[in-house]
Amino acid sequence: MEEKKPQEPLQAARGMHDILPSRSDRYASMESAARKVFSAFNYTEIRTPVMEPAELYERAIGETTDIVEKEMFVLKDRGDRRLCLRPEGTAGIVRAYIENNLGHEFPIAKFFYIGPMFRAERPQKGRYREFVQIGSEYFGNERPAADAETIILAHSLIKKFGLSDIQILVNTIGCPACRPKYLEVLKAYLEGKKNDLCENCRTRLVKNPLRALDCKEDADKFGDAPKTVDHLCEACRTHYASVLEHLKSAQVPFAERPRLVRGLDYYTRTVFEVYSTGNTGSQGALAAGGRYDGLVEQLGGNPVPAVGFALGVERVLNELDAASPVSDAKSRRGVFLIPLGAPAYEVVQKLLIQVREAGIPAESGAADQSIKSQMRLADRIGAEYCVIIGDNELASGEFALKNLESKSQQNIPKDKLVQVLVDRYSVKS
Ligand code: HAM
């Protein structure tokens with residue numbers, strides 16, 4: 001007979017992670033906290049496809065950005081159409097906004113989203129190939145109050161997640177009226193440093209000089225680079241000043257960073273990044289965003305101003321873990337009902353429904369299993385409690401509730417069992 005070869009176990013794709021039960025609770029509680037904050041700021045949820053035409057990102061994010069140049073997961077469908085796993089949320093939401101005419105009824109529209117994004121980055125701490133973003137997009141309001149609201153919203157969310165020691169860095173990168181002049185000045189500055197620039201920055205100098213300020217290798221060399229704020233048109237200057245005033249009156253802690261630019265090309269005017277204090281380096285920003293007044297039109301819609309941000313869930317979780325690590329130890333949970341004999345099985349089935357309706361995890365053994373095998377099952381499934389119900393218990397009207405962790409036991413009148421379990425579980429949660 002042919003010998004069976006042992007199968008090699010497969011692993012998750014590079015940079016992609018399983019979210020195991022010990023961590024998925026944290027994701028779920030961040031999501032539900034976020035939903036409450038978004039609702040209070042009057043944002044409603046939008047869910048867009050995880051895959052979009054690759055061209056959407058090429059047009060929206062920009063051909064000479066890191067994301068489009070080297071981080072997109074592009075594949076072809078059977079009709080030879082180029083699709084891309086979304087590297088970010090904004091482009092898809094703008095596409096959906098235009099396609100579904102979302103500004104038609106209420107020209108001011110505010111959306112939030114929660115979902116996985118994909119970038120083929122070199123995996124390291126805080127940088128993954130699949131990660132979850134929580135973000136918002138605010139359409140139809142060009143006033144500085146909308147920029148400020150977005151920053152205040154990001155701040156509120158991060159505070160709600162339990163991080164208080166954060167830094168918000170703010171800048172403006174001007175508009176199509178004033179930015180070309182700034183880019184000329186920046187180009188001249190970069191020309192002067194040409195011999196000192198990395199290869200990428202030499203290309204950027206010609207194609208996209210603003211991106212040089214964000215270069216992972218060279219950014220430190222540009223401490224004396226011209227500042228965007230010194231080359232703004234009057235409208236951008238007043239807009240920016242007003243955003244800062246709004247932030248001050250909302251008492252949001254922020255600092256101006258006159259050389260802050262973003263890695264995506266669609267931004268105009270306000271840009272911002274949020275860091276954990278003392279961690280502005282390698283792991284990257286917790287959240288980032290800004291205004292993008294040209295994007296809706298650039299993707300085929302009417303000219304509609306917009307502003308938004310996104311927060312990296314894993315980066316926030318890493319910070320929270322550093323403060324209080326999650327335990328990977330599995331804890332016992334739920335109650336296992338053990339029927340002995342047919343009459344008890346009937347009772348157990350009714351009880352099972354009641355306990356589950358009360359929101360307590362519950363299971364039961366089968367009528368034809370011995371007490372020993374049911375006890376073993378309760379233990380193997382990790383039940384916290386078990387209740388043995390046989391003829392004696394049915395006759396006495398009292399059930400023994402046994403804690404499988406502490407081994408302690410308590411007799412409880414039959415009709416009080418559900419309430420006792422509810423009380424124990426409400427103390428825990
Ligand atoms: P972004 O700066 O590319 O902006 O990403 C926003 C946040 O997503 C980052 O600050 C970071 O927390 C998280 N993030 C990005 N890449 C990774 C990664 N490889 N691994 C883990 N976390 C990551 C945007 O995506 C814009 N769409 C934000 C925006 C919305 N602007 C306007 N509206």
# chains A, B, ... in the order shown; residues from 1 in each chain; ligands from 1

call {"tool": "closest_atom_pairs", "arguments": {"of": "chain A", "to": "ligand 1", "cutoff": "9 Å", "atoms": "only C-alpha atoms and all ligand atoms", "output": "Markdown table"}}
result
| residue | atom | partner | partner_atom_place_in_ligand_line | distance |
| --- | --- | --- | --- | --- |
| A:Gly15 | CA | ligand 1 | 19 (N) | 8.9 |
| A:Ile61 | CA | ligand 1 | 27 (N) | 8.8 |
| A:Ile67 | CA | ligand 1 | 3 (O) | 8.3 |
| A:Pro87 | CA | ligand 1 | 25 (O) | 7.2 |
| A:Glu88 | CA | ligand 1 | 25 (O) | 4.5 |
| A:Gly89 | CA | ligand 1 | 27 (N) | 5.2 |
| A:Thr90 | CA | ligand 1 | 27 (N) | 4.7 |
| A:Ala91 | CA | ligand 1 | 27 (N) | 7.4 |
| A:Met117 | CA | ligand 1 | 17 (C) | 8.1 |
| A:Phe118 | CA | ligand 1 | 19 (N) | 7.3 |
| A:Arg119 | CA | ligand 1 | 19 (N) | 5.8 |
| A:Ala120 | CA | ligand 1 | 19 (N) | 7.6 |
| A:Glu121 | CA | ligand 1 | 19 (N) | 6.0 |
| A:Arg122 | CA | ligand 1 | 19 (N) | 8.3 |
| A:Pro123 | CA | ligand 1 | 19 (N) | 7.5 |
| A:Gln124 | CA | ligand 1 | 20 (N) | 8.5 |
| A:Lys125 | CA | ligand 1 | 20 (N) | 8.3 |
| A:Gly126 | CA | ligand 1 | 21 (C) | 5.1 |
| A:Arg127 | CA | ligand 1 | 20 (N) | 3.5 |
| A:Tyr128 | CA | ligand 1 | 20 (N) | 3.9 |
| A:Arg129 | CA | ligand 1 | 19 (N) | 5.5 |
| A:Glu130 | CA | ligand 1 | 20 (N) | 6.8 |
| A:Phe131 | CA | ligand 1 | 21 (C) | 5.1 |
| A:Val132 | CA | ligand 1 | 22 (N) | 7.1 |
| A:Gln133 | CA | ligand 1 | 8 (O) | 5.7 |
| A:Ile134 | CA | ligand 1 | 8 (O) | 8.2 |
| A:Gly135 | CA | ligand 1 | 30 (C) | 6.1 |
| A:Ser136 | CA | ligand 1 | 33 (N) | 6.3 |
| A:Glu137 | CA | ligand 1 | 33 (N) | 5.5 |
| A:Tyr138 | CA | ligand 1 | 33 (N) | 8.4 |
| A:Arg262 | CA | ligand 1 | 2 (O) | 7.0 |
| A:Gly263 | CA | ligand 1 | 3 (O) | 6.6 |
| A:Leu264 | CA | ligand 1 | 3 (O) | 6.9 |
| A:Tyr266 | CA | ligand 1 | 32 (C) | 8.5 |
| A:Tyr267 | CA | ligand 1 | 32 (C) | 7.7 |
| A:Val271 | CA | ligand 1 | 31 (N) | 8.5 |
| A:Glu273 | CA | ligand 1 | 10 (O) | 6.8 |
| A:Val274 | CA | ligand 1 | 10 (O) | 7.3 |
| A:Tyr275 | CA | ligand 1 | 10 (O) | 8.4 |
| A:Gln283 | CA | ligand 1 | 21 (C) | 8.7 |
| A:Gly284 | CA | ligand 1 | 10 (O) | 6.6 |
| A:Ala285 | CA | ligand 1 | 10 (O) | 4.2 |
| A:Leu286 | CA | ligand 1 | 12 (O) | 4.0 |
| A:Ala287 | CA | ligand 1 | 10 (O) | 3.6 |
| A:Ala288 | CA | ligand 1 | 10 (O) | 4.6 |
| A:Gly289 | CA | ligand 1 | 31 (N) | 3.7 |
| A:Gly290 | CA | ligand 1 | 32 (C) | 5.1 |
| A:Arg291 | CA | ligand 1 | 32 (C) | 6.5 |
| A:Tyr292 | CA | ligand 1 | 32 (C) | 6.9 |
| A:Ala306 | CA | ligand 1 | 32 (C) | 8.2 |
| A:Val307 | CA | ligand 1 | 32 (C) | 5.8 |
| A:Gly308 | CA | ligand 1 | 33 (N) | 3.4 |
| A:Phe309 | CA | ligand 1 | 30 (C) | 3.5 |
| A:Ala310 | CA | ligand 1 | 28 (C) | 4.4 |
| A:Leu311 | CA | ligand 1 | 7 (C) | 4.6 |
| A:Gly312 | CA | ligand 1 | 12 (O) | 3.3 |
| A:Val313 | CA | ligand 1 | 12 (O) | 6.8 |
| A:Glu314 | CA | ligand 1 | 21 (C) | 6.1 |
| A:Arg315 | CA | ligand 1 | 12 (O) | 5.7 |
| A:Val316 | CA | ligand 1 | 12 (O) | 7.6 |

call {"tool": "residues_around", "arguments": {"residues": "Gln369 of chain A", "least_positions_apart": "6", "cutoff": "12 Å", "atoms": "only C-alpha atoms", "output": "PyMOL selection string"}}
result
chain A and resi 338-342+345+375-377

call {"tool": "residues_around", "arguments": {"residues": "Ala358 of chain A", "least_positions_apart": "5", "cutoff": "9 Å", "atoms": "only C-alpha atoms", "output": "list in words"}}
result
Ile353, Val418, Gln419, Leu421 and Val422 of chain A

call {"tool": "select_by_dssp", "arguments": {"residues": "segment 130-292 of chain A", "states": "alpha helix (DSSP H)", "output": "VMD selection string"}}
result
chain A and resid 144 to 160 179 to 192 199 to 207 234 to 249

call {"tool": "write_last_selection", "arguments": {"atoms": "C-alpha atoms", "output": "PDB file, in the first residue's frame"}}
result
ATOM      1  CA  PRO A 144     -12.873  75.451   8.407  1.00  0.00           C
ATOM      2  CA  ALA A 145     -15.362  74.147  10.997  1.00  0.00           C
ATOM      3  CA  ALA A 146     -15.567  70.889   8.996  1.00  0.00           C
ATOM      4  CA  ASP A 147     -11.771  70.406   9.105  1.00  0.00           C
ATOM      5  CA  ALA A 148     -11.812  71.136  12.833  1.00  0.00           C
ATOM      6  CA  GLU A 149     -14.721  68.749  13.377  1.00  0.00           C
ATOM      7  CA  THR A 150     -12.774  65.955  11.674  1.00  0.00           C
ATOM      8  CA  ILE A 151      -9.758  66.531  13.928  1.00  0.00           C
ATOM      9  CA  ILE A 152     -11.959  66.799  17.032  1.00  0.00           C
ATOM     10  CA  LEU A 153     -13.691  63.567  15.987  1.00  0.00           C
ATOM     11  CA  ALA A 154     -10.357  61.737  15.595  1.00  0.00           C
ATOM     12  CA  HIS A 155      -9.302  63.060  18.997  1.00  0.00           C
ATOM     13  CA  SER A 156     -12.599  61.988  20.635  1.00  0.00           C
ATOM     14  CA  LEU A 157     -12.335  58.492  19.189  1.00  0.00           C
ATOM     15  CA  ILE A 158      -8.784  57.965  20.344  1.00  0.00           C
ATOM     16  CA  LYS A 159      -9.663  59.247  23.813  1.00  0.00           C
ATOM     17  CA  LYS A 160     -12.700  56.948  23.902  1.00  0.00           C
ATOM     18  CA  ARG A 179       0.636  75.256  -4.329  1.00  0.00           C
ATOM     19  CA  PRO A 180       2.380  75.489  -7.745  1.00  0.00           C
ATOM     20  CA  LYS A 181       4.311  78.532  -6.498  1.00  0.00           C
ATOM     21  CA  TYR A 182       5.317  76.698  -3.340  1.00  0.00           C
ATOM     22  CA  LEU A 183       6.396  73.680  -5.395  1.00  0.00           C
ATOM     23  CA  GLU A 184       8.703  75.925  -7.465  1.00  0.00           C
ATOM     24  CA  VAL A 185      10.375  77.192  -4.278  1.00  0.00           C
ATOM     25  CA  LEU A 186      10.592  73.649  -2.893  1.00  0.00           C
ATOM     26  CA  LYS A 187      12.067  72.351  -6.153  1.00  0.00           C
ATOM     27  CA  ALA A 188      14.754  75.026  -6.082  1.00  0.00           C
ATOM     28  CA  TYR A 189      15.552  74.085  -2.483  1.00  0.00           C
ATOM     29  CA  LEU A 190      15.756  70.362  -3.325  1.00  0.00           C
ATOM     30  CA  GLU A 191      17.938  71.124  -6.411  1.00  0.00           C
ATOM     31  CA  GLY A 192      20.394  72.753  -4.026  1.00  0.00           C
ATOM     32  CA  GLU A 199      17.472  57.969  -5.411  1.00  0.00           C
ATOM     33  CA  ASN A 200      13.714  58.171  -4.755  1.00  0.00           C
ATOM     34  CA  CYS A 201      13.910  61.835  -3.839  1.00  0.00           C
ATOM     35  CA  ARG A 202      15.846  62.623  -7.009  1.00  0.00           C
ATOM     36  CA  THR A 203      12.939  61.202  -8.992  1.00  0.00           C
ATOM     37  CA  ARG A 204      10.432  62.956  -6.739  1.00  0.00           C
ATOM     38  CA  LEU A 205      12.232  66.233  -7.367  1.00  0.00           C
ATOM     39  CA  VAL A 206      10.985  66.044 -10.946  1.00  0.00           C
ATOM     40  CA  LYS A 207       7.689  64.185 -10.562  1.00  0.00           C
ATOM     41  CA  GLU A 234      -5.035  84.696   1.029  1.00  0.00           C
ATOM     42  CA  ALA A 235      -7.989  82.273   1.009  1.00  0.00           C
ATOM     43  CA  CYS A 236      -5.859  79.350   2.248  1.00  0.00           C
ATOM     44  CA  ARG A 237      -4.176  81.522   4.887  1.00  0.00           C
ATOM     45  CA  THR A 238      -7.518  82.614   6.376  1.00  0.00           C
ATOM     46  CA  HIS A 239      -8.926  79.092   6.138  1.00  0.00           C
ATOM     47  CA  TYR A 240      -5.976  77.613   7.999  1.00  0.00           C
ATOM     48  CA  ALA A 241      -6.008  80.316  10.688  1.00  0.00           C
ATOM     49  CA  SER A 242      -9.675  79.634  11.275  1.00  0.00           C
ATOM     50  CA  VAL A 243      -9.135  75.835  11.552  1.00  0.00           C
ATOM     51  CA  LEU A 244      -6.543  76.490  14.263  1.00  0.00           C
ATOM     52  CA  GLU A 245      -8.908  78.895  16.076  1.00  0.00           C
ATOM     53  CA  HIS A 246     -11.644  76.242  16.084  1.00  0.00           C
ATOM     54  CA  LEU A 247      -9.227  73.684  17.511  1.00  0.00           C
ATOM     55  CA  LYS A 248      -8.150  76.077  20.233  1.00  0.00           C
ATOM     56  CA  SER A 249     -11.689  76.820  21.289  1.00  0.00           C
TER      57      SER A 249
END

call {"tool": "residues_around", "arguments": {"residues": "Val335 of chain A", "least_positions_apart": "6", "cutoff": "9 Å", "atoms": "only C-alpha atoms", "output": "list in words"}}
result
Val355, Ile360, Pro361, Ala362, Glu363, Ser364, Ala378, Ala383, Glu384, Tyr385, Cys386, Val387 and Leu421 of chain A

call {"tool": "select_by_dssp", "arguments": {"residues": "segment 286-319 of chain A", "states": "strand (DSSP E)", "output": "PyMOL selection string"}}
result
chain A and resi 287-291+306-312

call {"tool": "atom_distance", "arguments": {"atom1": "atom CA of Leu56 of chain A", "atom2": "atom CA of Asn42 of chain A"}}
result
27.8 Å

call {"tool": "atom_distance", "arguments": {"atom1": "atom CA of Lys221 of chain A", "atom2": "atom CA of Ala60 of chain A"}}
result
28.9 Å

call {"tool": "closest_residue", "arguments": {"among": "A:Glu393, A:Glu319, A:Glu52, A:Asp77", "to": "Ile412 of chain A", "atoms": "only C-alpha atoms"}}
result
A:Glu393

call {"tool": "closest_residue", "arguments": {"among": "A:Pro9, A:Pro53, A:Pro107, A:Gly115", "to": "Ala28 of chain A", "atoms": "only C-alpha atoms"}}
result
A:Gly115

call {"tool": "atom_distance", "arguments": {"atom1": "atom CA of Tyr113 of chain A", "atom2": "atom CA of Asn101 of chain A"}}
result
18.2 Å

call {"tool": "residues_around", "arguments": {"residues": "Pro21 of chain A", "least_positions_apart": "2", "cutoff": "9 Å", "atoms": "only C-alpha atoms", "output": "JSON, numbers by chain"}}
result
{"A": [19, 23, 24, 25, 328, 330]}

call {"tool": "write_last_selection", "arguments": {"atoms": "N, CA and C atoms", "output": "compact mmCIF listing (two decimals), in the first residue's frame"}}
result
# COMPACT_ATOMS: atom_id res chain seq x y z
N ILE A 19 -7.10 37.11 13.71
CA ILE A 19 -7.52 37.82 14.92
C ILE A 19 -8.19 36.78 15.80
N ARG A 23 -8.18 38.40 21.18
CA ARG A 23 -8.05 39.78 20.71
C ARG A 23 -9.31 40.30 20.05
N SER A 24 -10.13 39.40 19.54
CA SER A 24 -11.29 39.86 18.76
C SER A 24 -12.26 40.66 19.63
N ASP A 25 -12.26 40.37 20.95
CA ASP A 25 -13.08 41.17 21.86
C ASP A 25 -12.67 42.63 21.82
N ASP A 328 -3.34 35.90 26.85
CA ASP A 328 -3.73 34.89 25.87
C ASP A 328 -4.32 33.66 26.57
N LYS A 330 -6.78 31.27 28.09
CA LYS A 330 -8.20 31.13 27.80
C LYS A 330 -8.95 30.95 29.11

call {"tool": "closest_residue", "arguments": {"among": "A:Arg26, A:Arg82, A:His104, A:Lys4", "to": "Met51 of chain A", "atoms": "only C-alpha atoms"}}
result
A:Arg82

call {"tool": "residues_around", "arguments": {"residues": "Asp415 of chain A", "least_positions_apart": "2", "cutoff": "10 Å", "atoms": "only C-alpha atoms", "output": "PyMOL selection string"}}
result
chain A and resi 351+397-399+412-413+417-420
